[in-house]
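Okay, query_30.pdb is below, PDB, C-alpha atoms and all ligand atoms:
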```
ATOM      1  CA  MET U   1     209.560 -39.099  30.403  1.00  0.00           C
ATOM      2  CA  GLY U   2     206.370 -38.122  28.607  1.00  0.00           C
ATOM      3  CA  ILE U   3     203.179 -40.043  29.017  1.00  0.00           C
ATOM      4  CA  PHE U   4     203.391 -41.452  25.498  1.00  0.00           C
ATOM      5  CA  SER U   5     206.845 -42.961  25.871  1.00  0.00           C
ATOM      6  CA  LYS U   6     205.889 -44.283  29.284  1.00  0.00           C
ATOM      7  CA  LEU U   7     202.918 -46.112  27.786  1.00  0.00           C
ATOM      8  CA  LYS U   8     205.008 -47.377  24.916  1.00  0.00           C
ATOM      9  CA  ALA U   9     207.484 -48.810  27.387  1.00  0.00           C
ATOM     10  CA  SER U  10     204.635 -50.398  29.292  1.00  0.00           C
ATOM     11  CA  LEU U  11     203.791 -52.488  26.247  1.00  0.00           C
ATOM     12  CA  ARG U  12     206.753 -54.657  27.197  1.00  0.00           C
ATOM     13  CA  ASP U  13     205.552 -55.113  30.752  1.00  0.00           C
ATOM     14  CA  ASP U  14     204.105 -58.500  29.951  1.00  0.00           C
ATOM     15  CA  TRP U  15     207.543 -59.969  29.266  1.00  0.00           C
ATOM     16  CA  CYS U  16     209.415 -61.828  31.976  1.00  0.00           C
ATOM     17  CA  GLY U  17     212.835 -60.218  32.141  1.00  0.00           C
ATOM     18  CA  SER U  18     214.632 -63.328  33.317  1.00  0.00           C
ATOM     19  CA  CYS U  19     213.008 -65.898  31.005  1.00  0.00           C
ATOM     20  CA  ARG U  20     212.452 -63.623  27.993  1.00  0.00           C
ATOM     21  CA  THR U  21     209.005 -65.113  27.793  1.00  0.00           C
ATOM     22  CA  GLN U  22     205.658 -63.521  27.275  1.00  0.00           C
ATOM     23  CA  MET U  23     203.699 -63.691  30.492  1.00  0.00           C
ATOM     24  CA  ASP U  24     200.064 -64.720  30.710  1.00  0.00           C
ATOM     25  CA  GLU U  25     197.448 -62.208  31.745  1.00  0.00           C
ATOM     26  CA  THR U  26     195.735 -63.899  34.676  1.00  0.00           C
ATOM     27  CA  VAL U  27     193.567 -61.214  36.273  1.00  0.00           C
ATOM     28  CA  ARG U  28     192.105 -57.959  35.054  1.00  0.00           C
ATOM     29  CA  GLN U  29     190.094 -55.940  37.530  1.00  0.00           C
ATOM     30  CA  LEU U  30     188.623 -52.462  37.371  1.00  0.00           C
ATOM     31  CA  TYR U  31     188.794 -50.009  40.250  1.00  0.00           C
ATOM     32  CA  MET U  32     187.671 -46.512  40.962  1.00  0.00           C
ATOM     33  CA  LEU U  33     190.418 -44.145  42.046  1.00  0.00           C
ATOM     34  CA  PRO U  34     188.741 -41.448  44.143  1.00  0.00           C
ATOM     35  CA  MET U  35     190.366 -38.406  42.572  1.00  0.00           C
ATOM     36  CA  THR U  36     188.442 -35.848  40.574  1.00  0.00           C
ATOM     37  CA  VAL U  37     189.407 -34.518  37.176  1.00  0.00           C
ATOM     38  CA  GLY U  38     191.883 -31.655  37.436  1.00  0.00           C
ATOM     39  CA  HIS U  39     193.094 -32.871  40.830  1.00  0.00           C
ATOM     40  CA  TYR U  40     195.100 -35.865  39.738  1.00  0.00           C
ATOM     41  CA  CYS U  41     198.119 -36.380  41.918  1.00  0.00           C
ATOM     42  CA  PRO U  42     200.592 -39.155  41.104  1.00  0.00           C
ATOM     43  CA  HIS U  43     201.280 -41.776  43.737  1.00  0.00           C
ATOM     44  CA  LYS U  44     203.938 -44.441  43.506  1.00  0.00           C
ATOM     45  CA  ASP U  45     203.418 -46.296  46.753  1.00  0.00           C
ATOM     46  CA  ALA U  46     201.378 -49.459  46.862  1.00  0.00           C
ATOM     47  CA  GLU U  47     199.911 -48.527  50.236  1.00  0.00           C
ATOM     48  CA  TYR U  48     198.108 -45.594  48.695  1.00  0.00           C
ATOM     49  CA  TYR U  49     196.376 -47.830  46.167  1.00  0.00           C
ATOM     50  CA  LYS U  50     195.502 -50.456  48.749  1.00  0.00           C
ATOM     51  CA  ARG U  51     193.859 -47.742  50.815  1.00  0.00           C
ATOM     52  CA  SER U  52     192.136 -45.846  48.043  1.00  0.00           C
ATOM     53  CA  LEU U  53     191.075 -48.105  45.213  1.00  0.00           C
ATOM     54  CA  ARG U  54     187.461 -49.221  45.201  1.00  0.00           C
ATOM     55  CA  ARG U  55     186.595 -52.272  43.179  1.00  0.00           C
ATOM     56  CA  VAL U  56     183.840 -51.825  40.594  1.00  0.00           C
ATOM     57  CA  ALA U  57     182.219 -54.323  38.268  1.00  0.00           C
ATOM     58  CA  ARG U  58     182.066 -52.061  35.241  1.00  0.00           C
ATOM     59  CA  ARG U  59     183.086 -48.630  34.058  1.00  0.00           C
ATOM     60  CA  ALA U  60     179.528 -47.307  34.265  1.00  0.00           C
ATOM     61  CA  GLU U  61     179.788 -47.519  38.064  1.00  0.00           C
ATOM     62  CA  ILE U  62     182.461 -44.825  38.094  1.00  0.00           C
ATOM     63  CA  PRO U  63     180.904 -41.364  38.402  1.00  0.00           C
ATOM     64  CA  PRO U  64     181.794 -38.814  35.701  1.00  0.00           C
ATOM     65  CA  GLY U  65     185.005 -36.923  36.373  1.00  0.00           C
ATOM     66  CA  ILE U  66     186.455 -39.640  38.615  1.00  0.00           C
ATOM     67  CA  TYR U  67     189.548 -41.599  37.663  1.00  0.00           C
ATOM     68  CA  ALA U  68     189.564 -45.278  36.831  1.00  0.00           C
ATOM     69  CA  CYS U  69     192.325 -47.743  37.509  1.00  0.00           C
ATOM     70  CA  GLU U  70     192.789 -51.093  35.846  1.00  0.00           C
ATOM     71  CA  GLY U  71     194.740 -53.698  37.731  1.00  0.00           C
ATOM     72  CA  ILE U  72     196.279 -56.310  35.469  1.00  0.00           C
ATOM     73  CA  VAL U  73     198.177 -59.334  36.736  1.00  0.00           C
ATOM     74  CA  TYR U  74     200.727 -61.065  34.537  1.00  0.00           C
ATOM     75  CA  ARG U  75     202.284 -64.372  35.420  1.00  0.00           C
ATOM     76  CA  CYS U  76     205.299 -65.968  33.777  1.00  0.00           C
ATOM     77  CA  PRO U  77     204.532 -69.550  32.699  1.00  0.00           C
ATOM     78  CA  GLU U  78     208.209 -70.491  33.078  1.00  0.00           C
ATOM     79  CA  CYS U  79     209.238 -69.225  36.504  1.00  0.00           C
ATOM     80  CA  GLY U  80     205.942 -68.100  38.061  1.00  0.00           C
ATOM     81  CA  HIS U  81     207.129 -64.502  38.398  1.00  0.00           C
ATOM     82  CA  ARG U  82     204.150 -62.216  38.870  1.00  0.00           C
ATOM     83  CA  VAL U  83     203.740 -58.562  38.004  1.00  0.00           C
ATOM     84  CA  VAL U  84     200.840 -56.261  38.767  1.00  0.00           C
ATOM     85  CA  LYS U  85     200.296 -53.330  36.453  1.00  0.00           C
ATOM     86  CA  LEU U  86     198.098 -50.391  37.365  1.00  0.00           C
ATOM     87  CA  LEU U  87     196.778 -48.338  34.483  1.00  0.00           C
ATOM     88  CA  ILE U  88     195.258 -45.065  35.572  1.00  0.00           C
ATOM     89  CA  TYR U  89     193.003 -43.165  33.262  1.00  0.00           C
ATOM     90  CA  LEU U  90     190.109 -40.779  33.141  1.00  0.00           C
ATOM     91  CA  PRO U  91     187.092 -42.232  31.350  1.00  0.00           C
ATOM     92  CA  VAL U  92     185.961 -39.652  28.807  1.00  0.00           C
ATOM     93  CA  ARG U  93     182.877 -40.826  26.962  1.00  0.00           C
ATOM     94  CA  ASP U  94     184.097 -43.842  24.959  1.00  0.00           C
ATOM     95  CA  ARG U  95     187.764 -43.057  25.396  1.00  0.00           C
ATOM     96  CA  LYS U  96     190.374 -43.461  28.071  1.00  0.00           C
ATOM     97  CA  LYS U  97     192.580 -40.486  28.805  1.00  0.00           C
ATOM     98  CA  TYR U  98     195.671 -42.213  30.184  1.00  0.00           C
ATOM     99  CA  GLU U  99     197.371 -40.587  33.116  1.00  0.00           C
ATOM    100  CA  ASP U 100     199.882 -43.053  34.539  1.00  0.00           C
ATOM    101  CA  ALA U 101     201.025 -46.651  34.509  1.00  0.00           C
ATOM    102  CA  TYR U 102     202.800 -48.350  37.404  1.00  0.00           C
ATOM    103  CA  LEU U 103     204.356 -51.759  37.783  1.00  0.00           C
ATOM    104  CA  PHE U 104     204.567 -53.634  41.050  1.00  0.00           C
ATOM    105  CA  GLU U 105     206.827 -56.647  40.796  1.00  0.00           C
ATOM    106  CA  HIS U 106     207.200 -57.781  44.379  1.00  0.00           C
ATOM    107  CA  GLY U 107     203.684 -58.682  45.444  1.00  0.00           C
ATOM    108  CA  GLU U 108     202.979 -55.255  46.959  1.00  0.00           C
ATOM    109  CA  LEU U 109     199.411 -55.284  45.689  1.00  0.00           C
ATOM    110  CA  ASP U 110     198.510 -58.922  46.252  1.00  0.00           C
ATOM    111  CA  ASP U 111     196.211 -57.970  49.138  1.00  0.00           C
ATOM    112  CA  LEU U 112     194.279 -55.702  46.854  1.00  0.00           C
ATOM    113  CA  ILE U 113     194.072 -57.838  43.742  1.00  0.00           C
ATOM    114  CA  PHE U 114     193.427 -61.175  45.376  1.00  0.00           C
ATOM    115  CA  ARG U 115     191.142 -59.918  48.100  1.00  0.00           C
ATOM    116  CA  GLN U 116     187.895 -61.805  47.581  1.00  0.00           C
ATOM    117  CA  ASP U 117     185.772 -59.394  49.520  1.00  0.00           C
ATOM    118  CA  ALA U 118     186.047 -55.925  48.010  1.00  0.00           C
ATOM    119  CA  GLY U 119     185.798 -54.478  51.519  1.00  0.00           C
ATOM    120  CA  MET U 120     183.221 -51.870  50.652  1.00  0.00           C
TER     121      MET U 120
HETATM  122 ZN    ZN O   1     209.962 -66.055  34.015  1.00  0.00          ZN
END
```
I need this file expressed as structure tokens, please.
Ligand SMILES: [Zn+2]
Amino acid sequence: MGIFSKLKASLRDDWCGSCRTQMDETVRQLYMLPMTVGHYCPHKDAEYYKRSLRRVARRAEIPPGIYACEGIVYRCPECGHRVVKLLIYLPVRDRKKYEDAYLFEHGELDDLIFRQDAGM
């Protein structure tokens, strides 16, 4: 599946499959993914992101040529189902060059997203 169709599909990620309800966006947090441009390597496992992502306050804190990762939490107002989406992109001047999008639907990334102390 190409990157474009993957992103198009991800537009529906904020819908609860069981309730057919639009979920609320509850948290949006920016991270630095320590991989340099040209050396992007896809990872699907939550453990990798828990180990590697470094929380940053704003995009300007990410050095040039390093990937960014947005963590977005959606919560269904009906059943409380929670989904964490990771959007990985390379910041290029004012644009975002999207690389990958992953969904974690079983709380795999709760430690990361809800960790108060960024652990840096
Ligand atoms: Zn629901």
Around (199.2, -49.4, 34.6) in the file's frame, which residues reach within 6 Å when counting all atoms listed in the file? Return as an NGL selection string?
:U and (85-88 or 101-102)
At a cut-off of 9 Å around ligand ZN 1 (chain O), and using all atoms listed in the file, what residues come up? Please write them as a PyMOL selection string.
chain U and resi 15-23+75-82
Expanded to explicit residues, what is the PyMOL selection byres (((chain U and resi 44) around 10) and not hetatm) for this file, as a PyMOL selection string?
chain U and resi 42-43+45-49+100-104
Just give me the gap between atom CA of Pro63 of chain U and atom CA of Cys41 of chain U in Å, one decimal is fine.
18.3 Å
So what does the PyMOL selection byres (((chain U and resi 33-40) around 10) and not hetatm) actually pick up in this one, as a list in words?
Leu30, Tyr31, Met32, Cys41, Pro42, His43, Tyr49, Ser52, Leu53, Arg54, Arg55, Ile62, Pro63, Pro64, Gly65, Ile66, Tyr67, Ala68, Cys69, Glu70, Ile88, Tyr89, Leu90, Pro91 and Glu99 of chain U
Which of these residues is nearest to Phe114 of chain U, using all atoms listed in the file: U:Lys97, U:Asp13, U:Val27, U:Ala57?
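Answer, going by the shortest atom-to-atom distance: U:Val27.
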Calculate how many Å separate atom CA of Val73 of chain U from atom CA of Arg93 of chain U, rounding to one decimal.
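Answer for the atom CA of Val73 of chain U to atom CA of Arg93 of chain U separation: 25.9 Å.
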For the structure just given, write the atoms of segment 41-108 of chain U, namely C-alpha atoms, as a CSV table (one decimal), in the first residue's frame.
```
chain,number,residue,atom,x,y,z
U,41,CYS,CA,13.6,2.3,8.9
U,42,PRO,CA,10.0,1.3,9.6
U,43,HIS,CA,9.2,-0.2,13.0
U,44,LYS,CA,5.8,-1.6,14.0
U,45,ASP,CA,6.5,-2.6,17.6
U,46,ALA,CA,5.4,-0.4,20.4
U,47,GLU,CA,8.5,-1.3,22.4
U,48,TYR,CA,10.7,0.4,19.8
U,49,TYR,CA,8.8,3.7,20.2
U,50,LYS,CA,8.8,3.5,24.0
U,51,ARG,CA,12.5,3.1,23.9
U,52,SER,CA,13.3,5.7,21.2
U,53,LEU,CA,10.9,8.6,21.2
U,54,ARG,CA,12.0,11.7,23.0
U,55,ARG,CA,9.4,14.2,24.0
U,56,VAL,CA,9.8,17.7,22.7
U,57,ALA,CA,7.8,20.8,23.4
U,58,ARG,CA,7.9,22.2,19.8
U,59,ARG,CA,9.2,21.3,16.4
U,60,ALA,CA,12.0,23.8,16.6
U,61,GLU,CA,13.7,21.5,19.2
U,62,ILE,CA,14.1,18.8,16.6
U,63,PRO,CA,17.5,19.1,14.8
U,64,PRO,CA,17.4,19.4,11.0
U,65,GLY,CA,17.4,16.0,9.2
U,66,ILE,CA,15.9,14.2,12.2
U,67,TYR,CA,12.4,12.6,12.1
U,68,ALA,CA,9.5,13.8,14.1
U,69,CYS,CA,6.7,11.7,15.5
U,70,GLU,CA,3.3,13.0,16.6
U,71,GLY,CA,1.4,10.9,19.1
U,72,ILE,CA,-2.3,11.5,19.0
U,73,VAL,CA,-4.8,9.9,21.4
U,74,TYR,CA,-8.4,9.4,20.4
U,75,ARG,CA,-11.1,8.4,22.9
U,76,CYS,CA,-14.6,7.2,22.1
U,77,PRO,CA,-17.2,9.2,24.1
U,78,GLU,CA,-19.6,6.2,24.0
U,79,CYS,CA,-17.5,3.2,25.1
U,80,GLY,CA,-14.2,4.7,26.2
U,81,HIS,CA,-12.2,2.8,23.6
U,82,ARG,CA,-8.8,4.5,23.2
U,83,VAL,CA,-6.5,4.5,20.2
U,84,VAL,CA,-3.0,6.0,19.9
U,85,LYS,CA,-1.9,7.1,16.5
U,86,LEU,CA,1.7,7.7,15.6
U,87,LEU,CA,2.4,10.0,12.7
U,88,ILE,CA,6.0,9.9,11.5
U,89,TYR,CA,7.3,12.6,9.3
U,90,LEU,CA,10.4,14.5,8.4
U,91,PRO,CA,10.1,18.2,9.0
U,92,VAL,CA,11.2,20.0,5.9
U,93,ARG,CA,11.1,23.8,6.3
U,94,ASP,CA,7.4,24.5,6.7
U,95,ARG,CA,6.2,21.2,5.5
U,96,LYS,CA,5.9,17.7,6.8
U,97,LYS,CA,7.2,14.8,4.6
U,98,TYR,CA,5.0,12.0,5.9
U,99,GLU,CA,6.7,8.6,6.2
U,100,ASP,CA,4.4,6.3,8.2
U,101,ALA,CA,1.3,6.2,10.3
U,102,TYR,CA,0.7,3.5,12.9
U,103,LEU,CA,-2.3,2.7,15.1
U,104,PHE,CA,-2.0,1.2,18.5
U,105,GLU,CA,-5.4,0.1,19.8
U,106,HIS,CA,-4.6,-1.9,22.9
U,107,GLY,CA,-2.9,0.5,25.2
U,108,GLU,CA,0.6,-0.5,24.0
```
